[in-house]
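Chemist: Sharing my_file16.cif (mmCIF, C-alpha atoms and all ligand atoms) below.
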```cif
data_final
#
loop_
_atom_site.group_PDB
_atom_site.id
_atom_site.type_symbol
_atom_site.label_atom_id
_atom_site.label_comp_id
_atom_site.auth_asym_id
_atom_site.auth_seq_id
_atom_site.Cartn_x
_atom_site.Cartn_y
_atom_site.Cartn_z
ATOM 1 C CA MET A 1 -6.319 10.407 10.724
ATOM 2 C CA ALA A 2 -5.233 6.910 11.568
ATOM 3 C CA GLU A 3 -5.346 4.560 8.640
ATOM 4 C CA THR A 4 -7.196 1.285 9.132
ATOM 5 C CA LEU A 5 -7.030 -1.552 6.624
ATOM 6 C CA LYS A 6 -9.431 -4.457 6.510
ATOM 7 C CA GLY A 7 -8.390 -7.927 5.472
ATOM 8 C CA ALA A 8 -10.186 -11.217 4.888
ATOM 9 C CA CYS A 9 -9.085 -14.713 3.949
ATOM 10 C CA LEU A 10 -10.035 -16.601 0.806
ATOM 11 C CA CYS A 11 -13.139 -18.254 2.273
ATOM 12 C CA GLY A 12 -14.170 -15.068 4.069
ATOM 13 C CA SER A 13 -14.468 -16.691 7.498
ATOM 14 C CA VAL A 14 -11.557 -14.813 9.041
ATOM 15 C CA ALA A 15 -11.505 -11.017 8.972
ATOM 16 C CA TYR A 16 -9.226 -8.530 10.663
ATOM 17 C CA GLU A 17 -8.236 -4.900 10.892
ATOM 18 C CA VAL A 18 -4.795 -3.373 10.784
ATOM 19 C CA LYS A 19 -4.335 0.104 12.218
ATOM 20 C CA ASP A 20 -1.429 2.394 11.327
ATOM 21 C CA PRO A 21 0.458 0.087 8.946
ATOM 22 C CA GLU A 22 4.136 1.061 9.110
ATOM 23 C CA SER A 23 5.580 -0.151 5.840
ATOM 24 C CA MET A 24 5.133 -2.696 3.103
ATOM 25 C CA GLY A 25 7.658 -4.944 1.466
ATOM 26 C CA TYR A 26 8.632 -8.439 0.449
ATOM 27 C CA CYS A 27 10.317 -11.330 2.196
ATOM 28 C CA HIS A 28 12.035 -13.732 -0.193
ATOM 29 C CA CYS A 29 13.199 -16.344 2.344
ATOM 30 C CA SER A 30 12.675 -20.025 1.623
ATOM 31 C CA ARG A 31 10.193 -20.334 4.521
ATOM 32 C CA CYS A 32 7.942 -17.621 3.081
ATOM 33 C CA GLN A 33 8.210 -19.216 -0.345
ATOM 34 C CA ARG A 34 6.936 -22.500 1.047
ATOM 35 C CA TRP A 35 4.239 -20.783 3.049
ATOM 36 C CA THR A 36 2.809 -18.652 0.244
ATOM 37 C CA GLY A 37 4.039 -20.234 -2.975
ATOM 38 C CA SER A 38 6.304 -17.291 -3.766
ATOM 39 C CA SER A 39 7.740 -14.310 -1.934
ATOM 40 C CA LEU A 40 5.567 -12.917 0.837
ATOM 41 C CA ALA A 41 4.318 -9.388 0.229
ATOM 42 C CA GLY A 42 3.473 -8.066 3.664
ATOM 43 C CA VAL A 43 2.667 -5.065 5.770
ATOM 44 C CA VAL A 44 4.577 -4.375 8.972
ATOM 45 C CA VAL A 45 2.308 -3.464 11.879
ATOM 46 C CA ALA A 46 2.720 -3.285 15.653
ATOM 47 C CA LYS A 47 1.074 -6.358 17.177
ATOM 48 C CA GLU A 48 -1.296 -4.223 19.268
ATOM 49 C CA ASN A 49 -2.613 -2.690 16.043
ATOM 50 C CA PHE A 50 -3.770 -6.025 14.626
ATOM 51 C CA HIS A 51 -7.238 -7.257 15.626
ATOM 52 C CA PHE A 52 -9.420 -10.065 14.389
ATOM 53 C CA THR A 53 -12.980 -8.931 13.708
ATOM 54 C CA ASP A 54 -14.346 -12.317 12.681
ATOM 55 C CA GLY A 55 -13.433 -15.997 12.735
ATOM 56 C CA GLU A 56 -10.548 -15.848 15.209
ATOM 57 C CA ASP A 57 -11.483 -19.340 16.427
ATOM 58 C CA LEU A 58 -10.636 -20.699 12.963
ATOM 59 C CA VAL A 59 -7.122 -19.287 12.967
ATOM 60 C CA GLU A 60 -4.401 -21.876 13.337
ATOM 61 C CA THR A 61 -0.723 -21.431 14.040
ATOM 62 C CA TYR A 62 2.193 -23.300 12.589
ATOM 63 C CA GLU A 63 4.885 -23.041 15.233
ATOM 64 C CA SER A 64 8.206 -22.859 13.495
ATOM 65 C CA GLU A 65 11.682 -22.290 14.824
ATOM 66 C CA PHE A 66 11.482 -18.728 13.565
ATOM 67 C CA ALA A 67 8.323 -16.672 13.388
ATOM 68 C CA PRO A 68 5.076 -18.604 13.999
ATOM 69 C CA ARG A 69 2.802 -18.585 10.946
ATOM 70 C CA ASN A 70 -0.900 -17.899 11.376
ATOM 71 C CA PHE A 71 -3.409 -19.038 8.781
ATOM 72 C CA CYS A 72 -7.090 -19.742 8.196
ATOM 73 C CA GLY A 73 -7.815 -23.305 9.267
ATOM 74 C CA ASN A 74 -10.649 -23.531 6.757
ATOM 75 C CA CYS A 75 -9.190 -22.241 3.481
ATOM 76 C CA GLY A 76 -5.485 -22.092 4.324
ATOM 77 C CA SER A 77 -4.911 -18.410 3.554
ATOM 78 C CA SER A 78 -1.656 -17.104 4.967
ATOM 79 C CA ILE A 79 -2.638 -14.332 7.386
ATOM 80 C CA TYR A 80 0.402 -13.151 9.287
ATOM 81 C CA ASP A 81 3.904 -14.023 10.321
ATOM 82 C CA ASP A 82 4.408 -13.313 14.039
ATOM 83 C CA LEU A 83 7.714 -11.470 14.521
ATOM 84 C CA GLY A 84 7.086 -10.702 18.195
ATOM 85 C CA GLU A 85 6.569 -6.963 18.631
ATOM 86 C CA LYS A 86 5.646 -6.684 14.956
ATOM 87 C CA TYR A 87 3.425 -8.713 12.683
ATOM 88 C CA PHE A 88 4.115 -9.165 8.987
ATOM 89 C CA VAL A 89 0.594 -9.315 7.557
ATOM 90 C CA ALA A 90 0.060 -10.841 4.113
ATOM 91 C CA ALA A 91 -0.709 -7.950 1.780
ATOM 92 C CA GLY A 92 -2.960 -9.801 -0.640
ATOM 93 C CA LEU A 93 -5.768 -10.152 1.907
ATOM 94 C CA MET A 94 -6.243 -6.392 2.266
ATOM 95 C CA ARG A 95 -8.083 -5.177 -0.800
ATOM 96 C CA ASP A 96 -7.840 -1.459 0.010
ATOM 97 C CA LEU A 97 -4.114 -1.521 0.603
ATOM 98 C CA ASP A 98 -2.450 1.324 -1.266
ATOM 99 C CA MET A 99 1.182 1.386 -0.131
ATOM 100 C CA THR A 100 4.344 1.305 -2.196
ATOM 101 C CA PRO A 101 6.715 -1.573 -1.433
ATOM 102 C CA ALA A 102 9.694 -0.186 0.478
ATOM 103 C CA PHE A 103 11.985 -3.193 0.933
ATOM 104 C CA HIS A 104 12.997 -6.669 -0.180
ATOM 105 C CA LEU A 105 14.324 -8.888 2.595
ATOM 106 C CA GLN A 106 16.272 -12.167 2.310
ATOM 107 C CA VAL A 107 17.077 -11.515 -1.347
ATOM 108 C CA ALA A 108 20.003 -13.957 -1.122
ATOM 109 C CA TYR A 109 17.436 -16.769 -0.885
ATOM 110 C CA LYS A 110 14.932 -15.686 -3.515
ATOM 111 C CA ALA A 111 13.735 -18.114 -6.152
ATOM 112 C CA PRO A 112 15.881 -17.980 -9.307
ATOM 113 C CA TRP A 113 12.772 -17.394 -11.439
ATOM 114 C CA GLU A 114 11.618 -14.401 -9.444
ATOM 115 C CA GLN A 115 12.599 -11.048 -10.904
ATOM 116 C CA ILE A 116 12.440 -7.998 -8.703
ATOM 117 C CA GLY A 117 11.023 -5.215 -10.829
ATOM 118 C CA ASP A 118 10.804 -2.222 -8.529
ATOM 119 C CA ASN A 119 13.296 0.166 -6.961
ATOM 120 C CA ALA A 120 12.640 -0.743 -3.325
ATOM 121 C CA GLU A 121 15.769 -1.242 -1.240
ATOM 122 C CA GLN A 122 17.149 -4.788 -1.282
ATOM 123 C CA PHE A 123 18.799 -6.595 1.628
ATOM 124 C CA ALA A 124 20.659 -9.888 1.261
ATOM 125 C CA GLU A 125 19.190 -10.952 4.617
ATOM 126 C CA ASN A 126 17.631 -8.550 7.113
ATOM 127 C CA PRO A 127 18.348 -4.809 7.285
ATOM 128 C CA PRO A 128 21.123 -3.871 9.695
ATOM 129 C CA ALA A 129 19.576 -3.234 13.104
HETATM 130 ZN ZN ZN A 201 -10.507 -18.798 5.235
HETATM 131 ZN ZN ZN A 202 10.389 -14.794 4.899
#
```
What does the file become when written as structure tokens?
Modeler:
Amino acid sequence: MAETLKGACLCGSVAYEVKDPESMGYCHCSRCQRWTGSSLAGVVVAKENFHFTDGEDLVETYESEFAPRNFCGNCGSSIYDDLGEKYFVAAGLMRDLDMTPAFHLQVAYKAPWEQIGDNAEQFAENPPA
């Protein structure tokens, strides 16, 4: 059975579904820290498995040099980081998410006050391709 997760932003205007989430983990880069306030806990999903079910017209995109950042234009919730073929979807918006974090990316750039407390694999930057 394919697993489908539902997510919604803080104000509830934007809702989406994620089918067949592939993995969950954290990105500790300085861009994610500025975008979310801390590290970004996210779920990796193929872009064709991400669909808005409500409020897509409210979604805004911050075009950055790296992955474009998509967020709710009303409440500002971080929704997903567009990595091209994959999306990194903010985990906190999906209340039924029950996955175990599998990785920590960009650990070389993490905030000095953040302590990693699980056994998920750590990468100084990105995993070797
Ligand atoms: Zn919102
Ligand atoms: Zn990041």
Chemist: So that I can check the surroundings of stretch 96-107 of chain A, please list as a tab-separated table (two decimals) with C-alpha atoms, in the coordinates of the input every protein, DNA and RNA residue that reaches within 9 Å of it, counting all atoms listed in the file and ignoring chain neighbours fewer than 6 positions away.
Modeler:
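File result11.tsv, as written:
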```tsv
chain	number	residue	atom	x	y	z
A	5	LEU	CA	-7.03	-1.55	6.62
A	6	LYS	CA	-9.43	-4.46	6.51
A	7	GLY	CA	-8.39	-7.93	5.47
A	23	SER	CA	5.58	-0.15	5.84
A	24	MET	CA	5.13	-2.70	3.10
A	25	GLY	CA	7.66	-4.94	1.47
A	26	TYR	CA	8.63	-8.44	0.45
A	27	CYS	CA	10.32	-11.33	2.20
A	28	HIS	CA	12.04	-13.73	-0.19
A	29	CYS	CA	13.20	-16.34	2.34
A	30	SER	CA	12.68	-20.02	1.62
A	41	ALA	CA	4.32	-9.39	0.23
A	42	GLY	CA	3.47	-8.07	3.66
A	43	VAL	CA	2.67	-5.07	5.77
A	116	ILE	CA	12.44	-8.00	-8.70
A	118	ASP	CA	10.80	-2.22	-8.53
A	119	ASN	CA	13.30	0.17	-6.96
A	120	ALA	CA	12.64	-0.74	-3.32
A	121	GLU	CA	15.77	-1.24	-1.24
A	122	GLN	CA	17.15	-4.79	-1.28
A	123	PHE	CA	18.80	-6.60	1.63
A	124	ALA	CA	20.66	-9.89	1.26
A	125	GLU	CA	19.19	-10.95	4.62
A	126	ASN	CA	17.63	-8.55	7.11
A	127	PRO	CA	18.35	-4.81	7.28
```
Chemist: Write as a list in words the residues around ligand ZN 201 (chain A), taking 12 Å as the cut-off and counting all atoms listed in the file.
Modeler: Gly7, Ala8, Cys9, Leu10, Cys11, Gly12, Ser13, Val14, Ala15, Tyr16, Asp54, Gly55, Glu56, Asp57, Leu58, Val59, Glu60, Asn70, Phe71, Cys72, Gly73, Asn74, Cys75, Gly76, Ser77, Ser78, Ile79 and Leu93 of chain A
Chemist: Measure the distance from atom CA of A:Pro128 to atom CA of A:Ser64 in Å and round it to one decimal.
Modeler: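 If I compute the distance from atom CA of A:Pro128 to atom CA of A:Ser64, I get 23.3 Å.
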Chemist: Report, in Å to a single decimal, how far apart atom CA of A:Gln33 and atom CA of A:Glu114 are.
Modeler: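 Computed distance, atom CA of A:Glu114 to atom CA of A:Gln33, equals 10.8 Å.
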Chemist: Rank A:Cys32, A:Ala67, A:Thr61, A:Thr4 by their smallest atom-to-atom distance to A:Val45, using all atoms listed in the file, and report the top residue only.
Modeler: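 Once distances to A:Val45 are computed over all atoms listed in the file, the minimum belongs to A:Thr4.
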Chemist: Please expand the PyMOL selection byres (((chain A and resi 87) around 6) and not hetatm) into the concrete residues it hits in this file, giving the result as number ranges by chain.
Modeler: A: 44-45, 47, 81-83, 86, 88-89
Chemist: Out of A:Met94, A:Ala46, A:Val18, A:Ala108, which residue has the shortest atom-to-atom distance to ligand ZN 202 (chain A) when counting only C-alpha atoms and all ligand atoms?
Modeler: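 Selected residue with least distance to ligand ZN 202 (chain A): A:Ala108.
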Chemist: In terms of the shortest atom-to-atom distance over all atoms listed in the file, which of A:Lys19, A:Tyr62, A:Ala90, A:Asn49 is closest to ligand ZN 202 (chain A)?
Modeler: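 Selected residue with least distance to ligand ZN 202 (chain A): A:Ala90.
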